[in-house]
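**Student:** Dropping in entry.txt, which is compact mmCIF, C-alpha atoms and all ligand atoms:
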# COMPACT_ATOMS: atom_id res chain seq x y z
CA LYS A 1 0.00 0.00 0.00
CA ASN A 2 1.21 3.52 -0.81
CA ILE A 3 1.22 5.87 2.15
CA VAL A 4 1.58 9.65 1.99
CA ILE A 5 2.27 11.42 5.30
CA LEU A 6 1.42 15.09 5.80
CA ILE A 7 3.38 17.13 8.35
CA SER A 8 3.82 20.75 9.38
CA GLY A 9 6.58 20.52 11.97
CA ARG A 10 8.93 18.18 13.79
CA GLY A 11 7.18 15.08 12.43
CA SER A 12 7.90 12.70 15.28
CA ASN A 13 4.81 10.64 14.44
CA MET A 14 5.94 10.50 10.82
CA GLN A 15 9.34 9.28 12.04
CA ALA A 16 7.70 6.59 14.16
CA ILE A 17 5.71 5.36 11.14
CA VAL A 18 8.76 5.35 8.85
CA ASP A 19 10.93 3.65 11.47
CA ALA A 20 8.29 0.99 12.12
CA ARG A 21 9.06 -0.47 8.64
CA ILE A 22 5.51 -1.73 8.38
CA PRO A 23 5.27 -4.73 6.06
CA GLY A 24 3.12 -3.89 3.05
CA ALA A 25 3.31 -0.14 3.70
CA ARG A 26 5.50 1.92 1.38
CA ILE A 27 6.03 5.51 2.51
CA ALA A 28 5.66 7.08 -0.93
CA ALA A 29 6.20 10.66 0.25
CA VAL A 30 6.19 13.10 3.13
CA VAL A 31 4.41 16.35 2.24
CA SER A 32 4.69 19.56 4.28
CA ASN A 33 2.89 22.88 4.05
CA ARG A 34 5.87 24.51 5.76
CA PRO A 35 9.22 24.67 3.96
CA ASP A 36 11.03 24.78 7.33
CA ALA A 37 9.36 21.72 8.87
CA ALA A 38 12.07 19.83 10.75
CA GLY A 39 10.61 16.52 9.69
CA LEU A 40 11.49 17.18 6.04
CA ALA A 41 15.23 17.00 6.63
CA TRP A 42 14.80 13.81 8.63
CA ALA A 43 12.76 12.20 5.84
CA THR A 44 15.29 13.23 3.19
CA GLU A 45 18.10 11.72 5.25
CA ARG A 46 16.17 8.47 5.35
CA GLY A 47 15.76 8.50 1.59
CA VAL A 48 12.02 9.21 1.77
CA GLU A 49 10.73 11.46 -1.00
CA THR A 50 9.48 14.85 0.19
CA ALA A 51 7.37 17.62 -1.28
CA VAL A 52 6.56 21.11 0.02
CA LEU A 53 3.43 23.06 -0.77
CA ASP A 54 3.48 26.37 1.08
CA HIS A 55 -0.07 27.40 1.95
CA LYS A 56 1.06 31.04 1.99
CA GLY A 57 1.19 30.99 -1.80
CA PHE A 58 -2.58 30.48 -2.08
CA ASP A 59 -5.47 32.92 -1.82
CA SER A 60 -7.97 30.53 -0.33
CA ARG A 61 -8.21 27.29 1.58
CA GLU A 62 -10.01 25.77 -1.40
CA ALA A 63 -7.21 26.66 -3.83
CA PHE A 64 -4.57 25.30 -1.44
CA ASP A 65 -6.47 22.07 -0.89
CA VAL A 66 -6.93 21.48 -4.63
CA ALA A 67 -3.18 21.91 -5.17
CA LEU A 68 -2.45 19.78 -2.10
CA ALA A 69 -4.59 16.93 -3.44
CA GLN A 70 -2.80 17.16 -6.80
CA THR A 71 0.56 16.92 -5.04
CA ILE A 72 -0.58 13.98 -2.93
CA ASP A 73 -2.22 12.14 -5.83
CA ARG A 74 1.07 12.07 -7.75
CA TYR A 75 1.99 9.31 -5.30
CA ALA A 76 -1.25 7.34 -5.82
CA PRO A 77 -1.87 6.93 -2.10
CA ASP A 78 -3.98 4.14 -0.63
CA LEU A 79 -3.78 5.98 2.69
CA VAL A 80 -3.07 9.60 3.61
CA VAL A 81 -1.78 10.09 7.15
CA LEU A 82 -2.04 13.45 8.92
CA ALA A 83 0.84 13.68 11.40
CA GLY A 84 0.85 17.10 13.00
CA PHE A 85 -0.50 18.70 9.83
CA MET A 86 -1.71 22.04 11.13
CA ARG A 87 -4.18 23.08 8.45
CA ILE A 88 -7.94 22.88 8.56
CA LEU A 89 -9.05 20.88 5.53
CA THR A 90 -11.96 21.76 3.25
CA PRO A 91 -14.95 19.42 2.79
CA GLY A 92 -13.88 18.88 -0.84
CA PHE A 93 -10.51 17.58 0.32
CA THR A 94 -11.88 15.31 3.04
CA ALA A 95 -14.50 13.93 0.61
CA HIS A 96 -11.80 13.19 -1.99
CA TYR A 97 -9.93 11.05 0.56
CA SER A 98 -12.99 9.61 2.27
CA GLY A 99 -12.11 6.37 4.03
CA ARG A 100 -8.37 6.71 3.36
CA LEU A 101 -7.46 9.79 5.39
CA ILE A 102 -6.52 9.42 9.06
CA ASN A 103 -5.41 11.76 11.84
CA ILE A 104 -3.94 11.44 15.31
CA HIS A 105 -5.22 13.85 17.91
CA PRO A 106 -3.66 14.27 21.36
CA SER A 107 -6.80 13.77 23.45
CA LEU A 108 -9.43 11.15 24.10
CA LEU A 109 -11.96 12.41 21.56
CA PRO A 110 -14.69 13.52 21.68
CA ALA A 111 -13.12 15.35 24.65
CA PHE A 112 -10.94 18.31 23.72
CA PRO A 113 -11.00 18.73 19.97
CA GLY A 114 -8.82 21.62 18.78
CA LEU A 115 -5.66 22.99 20.38
CA HIS A 116 -4.10 23.00 23.89
CA THR A 117 -5.58 19.60 24.67
CA HIS A 118 -3.19 18.73 27.51
CA GLN A 119 -3.63 21.98 29.41
CA ARG A 120 -7.38 21.70 29.04
CA ALA A 121 -7.33 18.11 30.38
CA ILE A 122 -5.29 19.27 33.39
CA ASN A 123 -7.56 22.28 33.97
CA GLU A 124 -10.61 20.01 33.93
CA GLY A 125 -9.06 17.72 36.52
CA CYS A 126 -9.05 14.72 34.20
CA LEU A 127 -7.42 11.63 35.73
CA ILE A 128 -6.78 10.06 32.34
CA ALA A 129 -5.69 11.52 29.02
CA GLY A 130 -4.49 10.05 25.76
CA CYS A 131 -4.65 10.10 22.01
CA THR A 132 -7.11 9.14 19.29
CA VAL A 133 -6.58 7.93 15.75
CA HIS A 134 -9.65 8.62 13.64
CA LEU A 135 -10.84 8.75 10.07
CA VAL A 136 -10.97 12.36 8.94
CA THR A 137 -14.32 13.83 7.98
CA ALA A 138 -15.28 17.40 7.19
CA GLU A 139 -15.74 18.24 10.87
CA LEU A 140 -12.47 19.07 12.67
CA ASP A 141 -11.24 16.32 15.03
CA HIS A 142 -14.31 14.20 14.43
CA GLY A 143 -14.85 11.08 12.36
CA PRO A 144 -14.97 7.37 13.22
CA THR A 145 -12.51 6.36 15.92
CA LEU A 146 -9.98 3.71 14.89
CA ALA A 147 -7.91 3.45 18.07
CA GLN A 148 -7.25 5.20 21.37
CA GLY A 149 -4.39 5.09 23.83
CA VAL A 150 -4.76 6.08 27.48
CA VAL A 151 -2.29 7.45 30.04
CA ARG A 152 -2.74 8.59 33.62
CA VAL A 153 -2.64 12.27 34.46
CA LEU A 154 -0.21 12.34 37.40
CA PRO A 155 -0.15 14.79 40.30
CA GLY A 156 2.12 17.68 39.38
CA ASP A 157 1.76 17.07 35.64
CA THR A 158 2.27 20.12 33.47
CA GLU A 159 1.17 20.55 29.89
CA ASN A 160 4.69 19.51 28.85
CA THR A 161 5.05 16.40 31.00
CA LEU A 162 1.59 15.19 30.02
CA ALA A 163 2.24 15.93 26.33
CA ALA A 164 5.47 13.92 26.46
CA ARG A 165 3.72 10.92 28.05
CA VAL A 166 0.94 11.02 25.45
CA LEU A 167 3.41 11.48 22.58
CA THR A 168 5.29 8.31 23.55
CA LEU A 169 2.00 6.47 23.22
CA GLU A 170 1.18 8.19 19.89
CA HIS A 171 4.39 6.74 18.49
CA VAL A 172 3.19 3.24 19.34
CA LEU A 173 -0.45 3.67 18.37
CA TYR A 174 -0.14 5.41 15.02
CA PRO A 175 2.18 2.88 13.30
CA ARG A 176 -0.11 0.14 14.59
CA VAL A 177 -3.16 1.67 12.90
CA VAL A 178 -1.18 2.15 9.67
CA SER A 179 -0.26 -1.54 9.82
CA TRP A 180 -3.98 -2.41 10.14
CA PHE A 181 -4.59 -0.51 6.91
CA ALA A 182 -1.64 -2.22 5.23
CA ASP A 183 -3.06 -5.59 6.25
CA GLY A 184 -6.53 -4.66 4.95
CA ARG A 185 -7.96 -5.13 8.43
CA ILE A 186 -9.94 -1.89 8.43
CA ARG A 187 -13.06 -1.93 6.31
CA ILE A 188 -14.91 1.28 5.53
CA ALA A 189 -18.65 0.92 4.97
CA ALA A 190 -20.55 2.91 2.35
CA ASP A 191 -21.85 5.24 5.08
CA GLY A 192 -18.27 6.05 6.07
CA SER A 193 -18.24 4.04 9.28
CA ALA A 194 -15.23 1.85 10.01
CA ASN A 195 -15.43 -1.83 10.79
CA LEU A 196 -12.70 -2.83 13.21
CA GLU A 197 -13.98 -6.27 14.11
CA ALA A 198 -11.06 -7.93 12.38
CA VAL A 199 -8.66 -6.03 14.62
CA ALA A 200 -10.01 -7.10 18.02
C1 LIG B 1 1.04 15.37 17.97
O1 LIG B 1 0.81 15.63 19.33
C2 LIG B 1 -0.24 14.97 17.29
O2 LIG B 1 -1.10 14.27 18.12
C3 LIG B 1 -0.84 16.30 16.94
O3 LIG B 1 0.23 17.13 16.61
C4 LIG B 1 1.41 16.65 17.23
C5 LIG B 1 2.39 16.40 16.13
O4 LIG B 1 3.65 16.07 16.59
N1 LIG B 1 -1.82 16.13 15.89
P1 LIG B 1 4.74 15.53 15.56
O5 LIG B 1 4.91 16.58 14.48
O6 LIG B 1 4.24 14.22 15.01
O7 LIG B 1 5.99 15.37 16.36
Turn this file's structure into structure tokens for me.
**Tutor:**
Amino acid sequence: KNIVILISGRGSNMQAIVDARIPGARIAAVVSNRPDAAGLAWATERGVETAVLDHKGFDSREAFDVALAQTIDRYAPDLVVLAGFMRILTPGFTAHYSGRLINIHPSLLPAFPGLHTHQRAINEGCLIAGCTVHLVTAELDHGPTLAQGVVRVLPGDTENTLAARVLTLEHVLYPRVVSWFADGRIRIAADGSANLEAVA
């Protein structure tokens, strides 16, 4: 299966997926909307093809997303993986990749969509936190859940210590979900729901 990974920054989840050397998953390209994304240099060093499409060169979200899809589709992806890709995607884009576009979000969705998830979990007095891998739909940080990982929130945790604990788990969880796709163990129904029975 051809995998395209989208990043905007350090790309540690992208690195975890590349380093996992998932059988049946070929990382066709890493695409960034930021020319200075640290993950690009890492991918190049590993011999992974990279592409940059700077969103600043486009007048509208729609125009950027059309160009982004053209860039991605050059690699004929079976799966597009959002890994810290910090752009809100248009409904046209999410529809184009329906059933083959996934995201990892650093909270136990549906709690805390959006930004500053760890600080919000601490502020709310949550005793557990975690991360969610989900199919991407038009609504931000929604879409059928594919997997979740849970950590404890410890006394004295700060946003940074909690983020680090969750990130360690992200690096385990995300490659695992990609491997499920590579193995054909995730089936997407016509209504967009995901069937994970084969995974249990
Ligand atoms: C991760 O916390 C991920 O859950 C969120 O953005 C962060 C990306 O980190 N979507 P990295 O670029 O993968 O290191």
**Student:** Residues within 10 Å of region 86-90 of chain A, please, as a list in words. Count only C-alpha atoms; anything in the same chain fewer than 3 positions from it doesn't count.
**Tutor:** Leu6, Ile7, Ser8, Gly9, Ser32, Asn33, Arg34, His55, Arg61, Glu62, Ala63, Phe64, Asp65, Val66, Leu82, Ala83, Phe93, Thr94, Ala95, Val136, Thr137, Ala138, Glu139, Leu140 and Asp141 of chain A
**Student:** Using only C-alpha atoms and all ligand atoms, what table do you get, as a Markdown table, when you list each residue of chain A with an atom no more than 6 Å from ligand LIG 1 (chain B), its nearest pair of atoms, and their distance in Å rounded to one decimal, rows by chain then rising number?
**Tutor:**
| residue | atom | partner | partner_atom | distance |
| --- | --- | --- | --- | --- |
| A:Gly9 | CA | B:LIG1 | O5 | 5.0 |
| A:Arg10 | CA | B:LIG1 | O5 | 4.4 |
| A:Gly11 | CA | B:LIG1 | O5 | 3.4 |
| A:Ser12 | CA | B:LIG1 | O7 | 3.5 |
| A:Asn13 | CA | B:LIG1 | O6 | 3.7 |
| A:Met14 | CA | B:LIG1 | O6 | 5.9 |
| A:Ala83 | CA | B:LIG1 | O6 | 5.0 |
| A:Gly84 | CA | B:LIG1 | C5 | 3.6 |
| A:Ile104 | CA | B:LIG1 | O2 | 4.9 |
| A:His105 | CA | B:LIG1 | O2 | 4.1 |
| A:Pro106 | CA | B:LIG1 | O2 | 4.1 |
| A:Leu167 | CA | B:LIG1 | O1 | 5.9 |
**Student:** Which residues come within 10 Å of Pro175 (chain A), counting all atoms listed in the file, excluding same-chain residues fewer than 6 positions away, as a list in words?
**Tutor:**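 These residues fall inside the cut-off: Asn13, Met14, Gln15, Ala16, Ile17, Val18, Asp19, Ala20, Arg21, Ile22 and Phe181 of chain A.
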**Student:** Keeping only C-alpha atoms, write the selected residues as a PDB file, keeping the file's coordinate frame.
**Tutor:**
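Ended up saving to out11.pdb:
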ATOM      1  CA  ASN A  13       4.810  10.640  14.440  1.00  0.00           C
ATOM      2  CA  MET A  14       5.940  10.500  10.820  1.00  0.00           C
ATOM      3  CA  GLN A  15       9.340   9.280  12.040  1.00  0.00           C
ATOM      4  CA  ALA A  16       7.700   6.590  14.160  1.00  0.00           C
ATOM      5  CA  ILE A  17       5.710   5.360  11.140  1.00  0.00           C
ATOM      6  CA  VAL A  18       8.760   5.350   8.850  1.00  0.00           C
ATOM      7  CA  ASP A  19      10.930   3.650  11.470  1.00  0.00           C
ATOM      8  CA  ALA A  20       8.290   0.990  12.120  1.00  0.00           C
ATOM      9  CA  ARG A  21       9.060  -0.470   8.640  1.00  0.00           C
ATOM     10  CA  ILE A  22       5.510  -1.730   8.380  1.00  0.00           C
ATOM     11  CA  PHE A 181      -4.590  -0.510   6.910  1.00  0.00           C
TER      12      PHE A 181
END
**Student:** Pick out the closest residue to Leu101 (chain A) from this set: A:Leu162, A:Val4, A:Ala129, A:Leu173. Count all atoms listed in the file.
**Tutor:**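 Smallest separation from Leu101 (chain A) among the options: A:Val4.
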**Student:** Between CA of Ala111 (chain A) and CA of Thr158 (chain A), measure the distance and give it in Å to one decimal.
**Tutor:**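 Rounded to one decimal, the two atoms are 18.4 Å apart.
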**Student:** When you draw a straight line from CA of Leu109 (chain A) to CA of His134 (chain A), how long is it in Å?
**Tutor:**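 Separation of CA of Leu109 (chain A) and CA of His134 (chain A): 9.1 Å.
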**Student:** For CA of Gly143 (chain A) and CA of Val166 (chain A), quote the distance in Å rounded to one decimal.
**Tutor:** 20.5 Å
**Student:** Take the point (-5.9, 13.2, 32.0) as written in the file and pick out every residue within 9 Å of it, counting only C-alpha atoms; give the list as number ranges by chain.
**Tutor:** A: 107-108, 118, 121-122, 124-130, 150-154, 162
**Student:** In terms of the shortest atom-to-atom distance over all atoms listed in the file, which of A:Ala163, A:Ala37, A:Leu169, A:Ala189 is closest to Arg120 (chain A)?
**Tutor:**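 Under the stated criterion, the closest residue is A:Ala163.
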**Student:** Between A:Asn103, A:Ser60, A:Asn160, A:Thr117, which residue has the minimum interatomic distance to Thr132 (chain A), considering only C-alpha atoms?
**Tutor:**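 The answer is A:Asn103, which sits nearest to Thr132 (chain A).
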